[in-house]
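Data block for my_file-v2.pdb (PDB, C-alpha atoms):
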```
ATOM      1  CA  MET A1149      43.523  -7.476  68.508
ATOM      2  CA  ARG A1150      41.935  -6.579  65.193
ATOM      3  CA  ILE A1151      44.470  -4.011  64.044
ATOM      4  CA  GLN A1152      47.458  -6.239  64.667
ATOM      5  CA  GLU A1153      45.770  -9.157  62.913
ATOM      6  CA  SER A1154      45.083  -7.052  59.845
ATOM      7  CA  TYR A1155      48.599  -5.722  59.956
ATOM      8  CA  ARG A1156      50.068  -9.202  59.899
ATOM      9  CA  LYS A1157      48.027  -9.981  56.784
ATOM     10  CA  GLY A1158      49.607  -7.103  54.919
ATOM     11  CA  PHE A1159      48.036  -3.763  55.600
ATOM     12  CA  ILE A1160      44.933  -2.373  57.219
ATOM     13  CA  GLN A1161      42.101  -2.106  54.734
ATOM     14  CA  MET A1162      40.164   1.121  54.362
ATOM     15  CA  ASN A1163      36.991  -0.600  55.542
ATOM     16  CA  ASP A1164      38.455  -1.432  58.931
ATOM     17  CA  LEU A1165      37.688   1.521  61.198
ATOM     18  CA  ASN A1166      35.181   3.363  58.986
ATOM     19  CA  GLU A1167      37.418   3.460  55.903
ATOM     20  CA  LEU A1168      39.412   6.303  57.409
ATOM     21  CA  PHE A1169      42.741   4.615  57.981
ATOM     22  CA  ARG A1170      45.319   2.723  55.963
ATOM     23  CA  VAL A1171      48.684   1.467  57.152
ATOM     24  CA  LYS A1172      51.420   0.489  54.727
ATOM     25  CA  GLY A1173      54.858  -0.203  56.154
ATOM     26  CA  ASN A1174      55.356   2.365  58.878
ATOM     27  CA  ILE A1175      53.155   5.044  57.284
ATOM     28  CA  LEU A1176      49.601   5.678  58.485
ATOM     29  CA  THR A1177      47.412   7.457  55.943
ATOM     30  CA  ILE A1178      44.209   9.048  57.183
ATOM     31  CA  ARG A1179      41.619   9.868  54.549
ATOM     32  CA  VAL A1180      40.025  12.925  56.136
ATOM     33  CA  PRO A1181      36.231  13.021  55.579
ATOM     34  CA  GLU A1182      34.344  15.688  53.646
ATOM     35  CA  GLU A1183      33.776  17.744  56.774
ATOM     36  CA  LEU A1184      36.390  17.910  59.521
ATOM     37  CA  ASP A1185      34.608  19.250  62.608
ATOM     38  CA  HIS A1186      34.431  18.265  66.299
ATOM     39  CA  HIS A1187      32.260  15.265  65.407
ATOM     40  CA  SER A1188      34.609  13.733  62.807
ATOM     41  CA  ALA A1189      37.799  14.891  64.606
ATOM     42  CA  GLU A1190      36.778  12.667  67.555
ATOM     43  CA  LYS A1191      36.544   9.638  65.263
ATOM     44  CA  ILE A1192      39.982  10.331  63.794
ATOM     45  CA  ARG A1193      41.433  10.837  67.265
ATOM     46  CA  GLU A1194      40.055   7.547  68.597
ATOM     47  CA  GLY A1195      41.035   5.501  65.553
ATOM     48  CA  SER A1196      44.507   6.946  65.120
ATOM     49  CA  GLU A1197      45.336   6.610  68.824
ATOM     50  CA  GLU A1198      44.388   2.937  68.652
ATOM     51  CA  ILE A1199      46.643   2.394  65.631
ATOM     52  CA  LEU A1200      49.544   4.463  67.000
ATOM     53  CA  ASP A1201      49.390   2.532  70.291
ATOM     54  CA  SER A1202      49.566  -0.871  68.653
ATOM     55  CA  LEU A1203      51.794  -0.384  65.601
ATOM     56  CA  LYS A1204      55.160   1.215  64.907
ATOM     57  CA  ILE A1205      54.275   4.265  62.806
ATOM     58  CA  ARG A1206      56.893   6.800  61.691
ATOM     59  CA  GLU A1207      54.752   9.094  59.600
ATOM     60  CA  VAL A1208      51.080  10.091  59.632
ATOM     61  CA  VAL A1209      49.769  11.432  56.323
ATOM     62  CA  PHE A1210      46.474  13.345  56.376
ATOM     63  CA  ASP A1211      44.927  13.077  52.934
ATOM     64  CA  PHE A1212      42.543  16.024  52.525
ATOM     65  CA  ARG A1213      41.397  15.239  48.959
ATOM     66  CA  ASP A1214      37.737  14.857  50.016
ATOM     67  CA  THR A1215      37.652  17.687  52.553
ATOM     68  CA  GLN A1216      35.576  20.806  51.834
ATOM     69  CA  PHE A1217      34.996  22.010  55.390
ATOM     70  CA  MET A1218      37.200  22.372  58.441
ATOM     71  CA  ASP A1219      37.011  24.284  61.724
ATOM     72  CA  SER A1220      39.203  24.734  64.819
ATOM     73  CA  SER A1221      38.409  21.219  66.067
ATOM     74  CA  GLY A1222      40.442  19.952  63.108
ATOM     75  CA  ILE A1223      43.327  22.206  64.113
ATOM     76  CA  GLY A1224      43.266  20.795  67.664
ATOM     77  CA  MET A1225      43.250  17.242  66.338
ATOM     78  CA  LEU A1226      46.181  17.905  63.945
ATOM     79  CA  MET A1227      48.247  19.649  66.645
ATOM     80  CA  ALA A1228      47.751  16.725  69.023
ATOM     81  CA  ARG A1229      48.931  14.228  66.378
ATOM     82  CA  TYR A1230      51.887  16.511  65.556
ATOM     83  CA  ARG A1231      52.978  16.620  69.211
ATOM     84  CA  GLY A1232      52.498  12.890  69.676
ATOM     85  CA  MET A1233      54.500  11.957  66.585
ATOM     86  CA  LYS A1234      57.262  14.464  67.307
ATOM     87  CA  GLN A1235      57.693  12.962  70.765
ATOM     88  CA  MET A1236      58.239   9.533  69.194
ATOM     89  CA  GLY A1237      60.660  10.870  66.590
ATOM     90  CA  GLY A1238      58.093  10.674  63.779
ATOM     91  CA  SER A1239      56.348  13.276  61.666
ATOM     92  CA  ILE A1240      53.025  14.233  60.116
ATOM     93  CA  LYS A1241      52.024  16.013  56.929
ATOM     94  CA  ALA A1242      48.891  17.164  55.113
ATOM     95  CA  VAL A1243      48.469  16.363  51.415
ATOM     96  CA  HIS A1244      45.910  17.149  48.660
ATOM     97  CA  VAL A1245      44.800  20.239  50.578
ATOM     98  CA  LYS A1246      42.118  22.366  48.887
ATOM     99  CA  LYS A1247      41.714  26.132  49.007
ATOM    100  CA  ARG A1248      39.237  26.316  51.909
ATOM    101  CA  VAL A1249      41.211  23.951  54.145
ATOM    102  CA  ALA A1250      44.422  25.806  53.219
ATOM    103  CA  LYS A1251      42.810  29.047  54.435
ATOM    104  CA  ILE A1252      42.009  27.496  57.829
ATOM    105  CA  LEU A1253      45.491  25.963  58.148
ATOM    106  CA  GLN A1254      47.037  29.328  57.307
ATOM    107  CA  LEU A1255      44.833  31.319  59.684
ATOM    108  CA  SER A1256      45.656  28.966  62.569
ATOM    109  CA  GLY A1257      49.423  29.206  61.979
ATOM    110  CA  ILE A1258      49.710  25.411  61.922
ATOM    111  CA  TYR A1259      51.378  25.535  58.481
ATOM    112  CA  LYS A1260      54.519  26.732  60.275
ATOM    113  CA  VAL A1261      55.040  23.326  61.899
ATOM    114  CA  ILE A1262      53.241  20.889  59.597
ATOM    115  CA  PRO A1263      54.258  20.453  55.918
ATOM    116  CA  ILE A1264      51.317  21.055  53.591
ATOM    117  CA  GLU A1265      50.975  19.955  49.969
ATOM    118  CA  LEU A1266      48.192  21.680  48.060
ATOM    119  CA  ILE A1267      45.997  19.768  45.617
ATOM    120  CA  ARG A1268      46.363  20.622  41.957
ATOM    121  CA  ASN A1269      43.197  21.109  39.984
ATOM    122  CA  TRP A1270      42.040  22.857  36.837
ATOM    123  CA  ASP A1271      40.913  25.967  38.727
ATOM    124  CA  ASP A1272      44.459  26.622  39.920
ATOM    125  CA  LEU A1273      46.072  26.385  36.485
TER
ATOM    126  CA  MET B1347      10.692  46.266  59.197
ATOM    127  CA  GLU B1348       9.873  45.183  55.622
ATOM    128  CA  ASN B1349      13.349  44.057  54.680
ATOM    129  CA  THR B1350      13.702  41.446  57.377
ATOM    130  CA  ASN B1351      13.375  37.696  57.636
ATOM    131  CA  GLU B1352      13.760  35.534  60.733
ATOM    132  CA  MET B1353      14.357  31.904  61.588
ATOM    133  CA  VAL B1354      14.744  30.074  64.914
ATOM    134  CA  ILE B1355      15.767  26.490  65.542
ATOM    135  CA  GLU B1356      16.418  24.585  68.734
ATOM    136  CA  PHE B1357      18.226  21.263  68.839
ATOM    137  CA  ASP B1358      20.056  18.846  71.142
ATOM    138  CA  SER B1359      23.698  19.429  72.074
ATOM    139  CA  ARG B1360      24.927  16.380  70.164
ATOM    140  CA  SER B1361      28.029  16.626  67.989
ATOM    141  CA  CYS B1362      26.115  15.185  65.006
ATOM    142  CA  ASN B1363      23.996  18.397  65.035
ATOM    143  CA  GLU B1364      27.021  20.629  64.306
ATOM    144  CA  GLY B1365      26.773  19.801  60.619
ATOM    145  CA  PHE B1366      23.012  20.280  60.654
ATOM    146  CA  ALA B1367      23.234  23.722  62.288
ATOM    147  CA  ARG B1368      25.786  25.172  59.875
ATOM    148  CA  VAL B1369      23.971  23.808  56.827
ATOM    149  CA  ALA B1370      20.693  25.293  58.131
ATOM    150  CA  VAL B1371      22.268  28.761  58.399
ATOM    151  CA  ALA B1372      23.891  28.382  54.977
ATOM    152  CA  ALA B1373      20.524  27.451  53.458
ATOM    153  CA  PHE B1374      18.760  30.365  55.192
ATOM    154  CA  CYS B1375      21.268  32.886  53.831
ATOM    155  CA  THR B1376      21.008  31.735  50.188
ATOM    156  CA  GLN B1377      18.222  34.331  49.696
ATOM    157  CA  LEU B1378      20.986  36.958  50.009
ATOM    158  CA  ASN B1379      22.797  35.383  47.053
ATOM    159  CA  PRO B1380      26.090  34.951  48.944
ATOM    160  CA  THR B1381      29.423  34.046  47.369
ATOM    161  CA  LEU B1382      30.826  30.578  48.033
ATOM    162  CA  GLU B1383      33.443  32.131  50.288
ATOM    163  CA  GLU B1384      30.827  33.987  52.349
ATOM    164  CA  VAL B1385      28.919  30.723  52.866
ATOM    165  CA  GLU B1386      32.083  28.896  53.921
ATOM    166  CA  ASP B1387      33.047  31.679  56.352
ATOM    167  CA  LEU B1388      29.581  31.608  57.868
ATOM    168  CA  LYS B1389      29.587  27.814  58.213
ATOM    169  CA  THR B1390      32.934  27.847  60.013
ATOM    170  CA  ALA B1391      31.833  30.586  62.447
ATOM    171  CA  VAL B1392      28.544  28.807  63.243
ATOM    172  CA  SER B1393      30.367  25.519  63.702
ATOM    173  CA  GLU B1394      32.693  27.149  66.253
ATOM    174  CA  ALA B1395      29.819  28.622  68.265
ATOM    175  CA  ILE B1396      27.840  25.351  68.320
ATOM    176  CA  THR B1397      30.918  23.282  69.214
ATOM    177  CA  ASN B1398      31.576  25.634  72.155
ATOM    178  CA  CYS B1399      28.059  24.931  73.484
ATOM    179  CA  ILE B1400      28.553  21.169  73.233
ATOM    180  CA  ILE B1401      32.071  21.029  74.686
ATOM    181  CA  HIS B1402      32.128  23.864  77.193
ATOM    182  CA  ALA B1403      28.601  24.985  78.132
ATOM    183  CA  TYR B1404      27.178  21.473  78.443
ATOM    184  CA  ASP B1405      30.125  19.279  79.283
ATOM    185  CA  GLU B1406      27.780  16.712  80.800
ATOM    186  CA  GLY B1407      24.607  15.349  79.281
ATOM    187  CA  VAL B1408      22.460  16.473  76.362
ATOM    188  CA  HIS B1409      20.679  19.820  76.561
ATOM    189  CA  LYS B1410      19.169  22.377  74.189
ATOM    190  CA  ILE B1411      20.945  24.838  71.924
ATOM    191  CA  ARG B1412      18.895  27.663  70.401
ATOM    192  CA  MET B1413      19.958  29.398  67.217
ATOM    193  CA  GLU B1414      18.256  32.596  66.039
ATOM    194  CA  CYS B1415      18.920  33.989  62.567
ATOM    195  CA  LYS B1416      17.750  37.292  61.210
ATOM    196  CA  ILE B1417      18.280  39.017  57.894
ATOM    197  CA  VAL B1418      18.093  42.807  57.811
ATOM    198  CA  ASP B1419      18.766  44.103  54.299
ATOM    199  CA  HIS B1420      22.145  42.516  53.481
ATOM    200  CA  ASP B1421      23.169  41.767  57.051
ATOM    201  CA  LEU B1422      22.806  38.308  58.514
ATOM    202  CA  TYR B1423      22.596  38.127  62.312
ATOM    203  CA  VAL B1424      23.171  34.782  64.024
ATOM    204  CA  THR B1425      22.695  34.335  67.763
ATOM    205  CA  VAL B1426      23.683  31.053  69.407
ATOM    206  CA  ILE B1427      22.217  30.574  72.876
ATOM    207  CA  ASP B1428      22.875  27.918  75.468
ATOM    208  CA  TYR B1429      21.608  27.518  79.022
ATOM    209  CA  GLY B1430      24.816  25.955  80.330
ATOM    210  CA  LYS B1431      27.505  26.846  82.814
ATOM    211  CA  GLY B1432      28.472  30.245  81.377
ATOM    212  CA  ILE B1433      31.857  31.952  81.056
ATOM    213  CA  ARG B1434      33.584  33.540  84.058
ATOM    214  CA  ASP B1435      36.118  35.650  82.155
ATOM    215  CA  ILE B1436      34.912  36.381  78.606
ATOM    216  CA  ALA B1437      37.998  38.390  77.556
ATOM    217  CA  LYS B1438      40.255  35.505  78.565
ATOM    218  CA  ALA B1439      38.043  32.917  76.868
ATOM    219  CA  MET B1440      38.272  34.898  73.624
ATOM    220  CA  GLN B1441      42.081  35.061  73.593
ATOM    221  CA  PRO B1442      43.562  33.027  70.731
ATOM    222  CA  LEU B1443      45.029  29.706  71.907
ATOM    223  CA  PHE B1444      43.400  29.945  75.359
ATOM    224  CA  THR B1445      41.483  26.791  76.211
ATOM    225  CA  THR B1446      40.194  25.191  79.388
ATOM    226  CA  LYS B1447      40.199  21.769  77.749
ATOM    227  CA  PRO B1448      43.640  21.047  76.233
ATOM    228  CA  GLU B1449      43.250  17.373  77.173
ATOM    229  CA  MET B1450      40.316  17.198  74.746
ATOM    230  CA  GLU B1451      42.590  18.437  71.949
ATOM    231  CA  ARG B1452      40.923  21.855  71.779
ATOM    232  CA  SER B1453      42.994  24.411  69.887
ATOM    233  CA  GLY B1454      41.666  27.536  71.612
ATOM    234  CA  MET B1455      40.967  29.058  68.199
ATOM    235  CA  GLY B1456      37.138  29.022  68.292
ATOM    236  CA  PHE B1457      36.416  32.684  69.089
ATOM    237  CA  ALA B1458      39.372  33.805  66.932
ATOM    238  CA  PHE B1459      37.814  32.018  63.948
ATOM    239  CA  MET B1460      34.392  33.567  64.675
ATOM    240  CA  GLU B1461      36.031  36.991  64.758
ATOM    241  CA  ALA B1462      37.983  36.343  61.569
ATOM    242  CA  PHE B1463      35.042  35.097  59.541
ATOM    243  CA  MET B1464      32.256  37.414  60.732
ATOM    244  CA  ASP B1465      31.992  41.209  60.619
ATOM    245  CA  ASP B1466      30.848  41.552  64.221
ATOM    246  CA  LEU B1467      31.008  39.370  67.326
ATOM    247  CA  SER B1468      29.854  39.899  70.881
ATOM    248  CA  VAL B1469      29.462  37.516  73.799
ATOM    249  CA  ILE B1470      27.118  37.821  76.765
ATOM    250  CA  SER B1471      27.556  35.370  79.608
ATOM    251  CA  ASN B1472      27.361  34.901  83.331
ATOM    252  CA  PRO B1473      28.550  31.906  85.362
ATOM    253  CA  GLY B1474      25.654  29.488  85.728
ATOM    254  CA  ALA B1475      23.363  31.547  83.510
ATOM    255  CA  GLY B1476      24.324  30.374  80.015
ATOM    256  CA  THR B1477      25.956  32.145  77.107
ATOM    257  CA  GLN B1478      24.768  34.137  74.097
ATOM    258  CA  VAL B1479      27.066  34.570  71.105
ATOM    259  CA  HIS B1480      25.919  37.321  68.732
ATOM    260  CA  MET B1481      27.450  37.394  65.261
ATOM    261  CA  MET B1482      26.800  39.509  62.185
ATOM    262  CA  LYS B1483      28.000  39.169  58.624
ATOM    263  CA  HIS B1484      27.362  41.436  55.684
ATOM    264  CA  ILE B1485      26.448  39.303  52.673
ATOM    265  CA  GLY B1486      26.061  39.621  48.910
ATOM    266  CA  SER B1487      26.319  43.401  48.740
ATOM    267  CA  GLU B1488      26.498  43.433  44.923
ATOM    268  CA  THR B1489      23.075  41.882  44.481
ATOM    269  CA  GLU B1490      19.556  43.346  44.447
ATOM    270  CA  SER B1491      17.455  43.501  47.584
ATOM    271  CA  PRO B1492      16.425  39.942  48.482
ATOM    272  CA  PHE B1493      12.857  40.932  49.299
ATOM    273  CA  GLU B1494      11.791  42.179  45.891
TER
END
```
Please, can you express the file's structure as structure tokens?
Amino acid sequence: MRIQESYRKGFIQMNDLNELFRVKGNILTIRVPEELDHHSAEKIREGSEEILDSLKIREVVFDFRDTQFMDSSGIGMLMARYRGMKQMGGSIKAVHVKKRVAKILQLSGIYKVIPIELIRNWDDL
Amino acid sequence: MENTNEMVIEFDSRSCNEGFARVAVAAFCTQLNPTLEEVEDLKTAVSEAITNCIIHAYDEGVHKIRMECKIVDHDLYVTVIDYGKGIRDIAKAMQPLFTTKPEMERSGMGFAFMEAFMDDLSVISNPGAGTQVHMMKHIGSETESPFE
């Protein structure tokens, strides 16, 4: 299987699976696209399920540095990963979160269960 | 009727059109000189309404979604119409965290987000007769009339 082959070589390159995923050790990093809606959430769901089924992952990191837009489909996708990882004794977190995404995460209440690290930029200083 | 402007688009219920629909509404409302936050709020609300059509109204096959936009002074009205299966219990469907499709990783937050980001929301639906979601948002109140 492609993922396991890549894993044996070292780590999964960004260009496997649409440049969304990278595995290093037991950490899966997902580079969330510019817009996280139903359309892109499906791609993340499919890809991450494939990786989580075939590799031993302890932490999933959602890197939101590129993300400007998010709706409730993103919340559903994050909650599903949170539940899945918790069941296996792992964890997830969101990093490099910008203002707009932070607003959605706050409104949904998901920040109560998932650690969130905000991005630092000049506007915030 | 002078201070009005209207736009209608109809498109296929494909998930790749979610981005198209919200950008179309955002572009239409630029004549009201909205703030960045108003545009983002609007895009999220529209995205929720369109996603509902694709996931719930038309859970099988590709059908048409109609979106009507109207500007009256500084109010933007958006109506999203589908001809799908309809909603049996609208009040229940609008409850935060209620979803009929948890297995599809739906959060049940769609209508709650529409309510949070728009100034008015109403839903008309009957089982088998499709659904209409009517939303209104007041935009760019500090600026001059857009029609001058």
Within 6 Å of chain B: residues of chain A, using all atoms listed in the file, as a list in words: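 Using all atoms listed in the file, chain A residues at most 6 Å from chain B: His1187, Asp1219, Ser1220, Gly1224 and Met1225 of chain A.
Interatomic distance, CA of Asn1174 (chain A) to CA of Leu1200 (chain A): 10.2 Å.
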Listed atoms of region 1471-1476 of chain B boxed axis-aligned with 3 Å per side, centre + edges as JSON:
```
{"center_x": 26.0, "center_y": 32.4, "center_z": 82.7, "size_x": 11.2, "size_y": 11.9, "size_z": 12.1}
```
Residue members of the PyMOL selection byres ((chain B and resi 1480) around 9) in the file shown, as a ChimeraX atom specification: /B:1423-1427,1466-1470,1478-1479,1481-1482
Neighbour list for Lys1246 (chain A) as a ChimeraX atom specification, cut-off 8 Å, all atoms listed in the file, skip fewer than 3 positions in-chain: /A:1212-1213,1215-1216,1249-1250,1266-1267
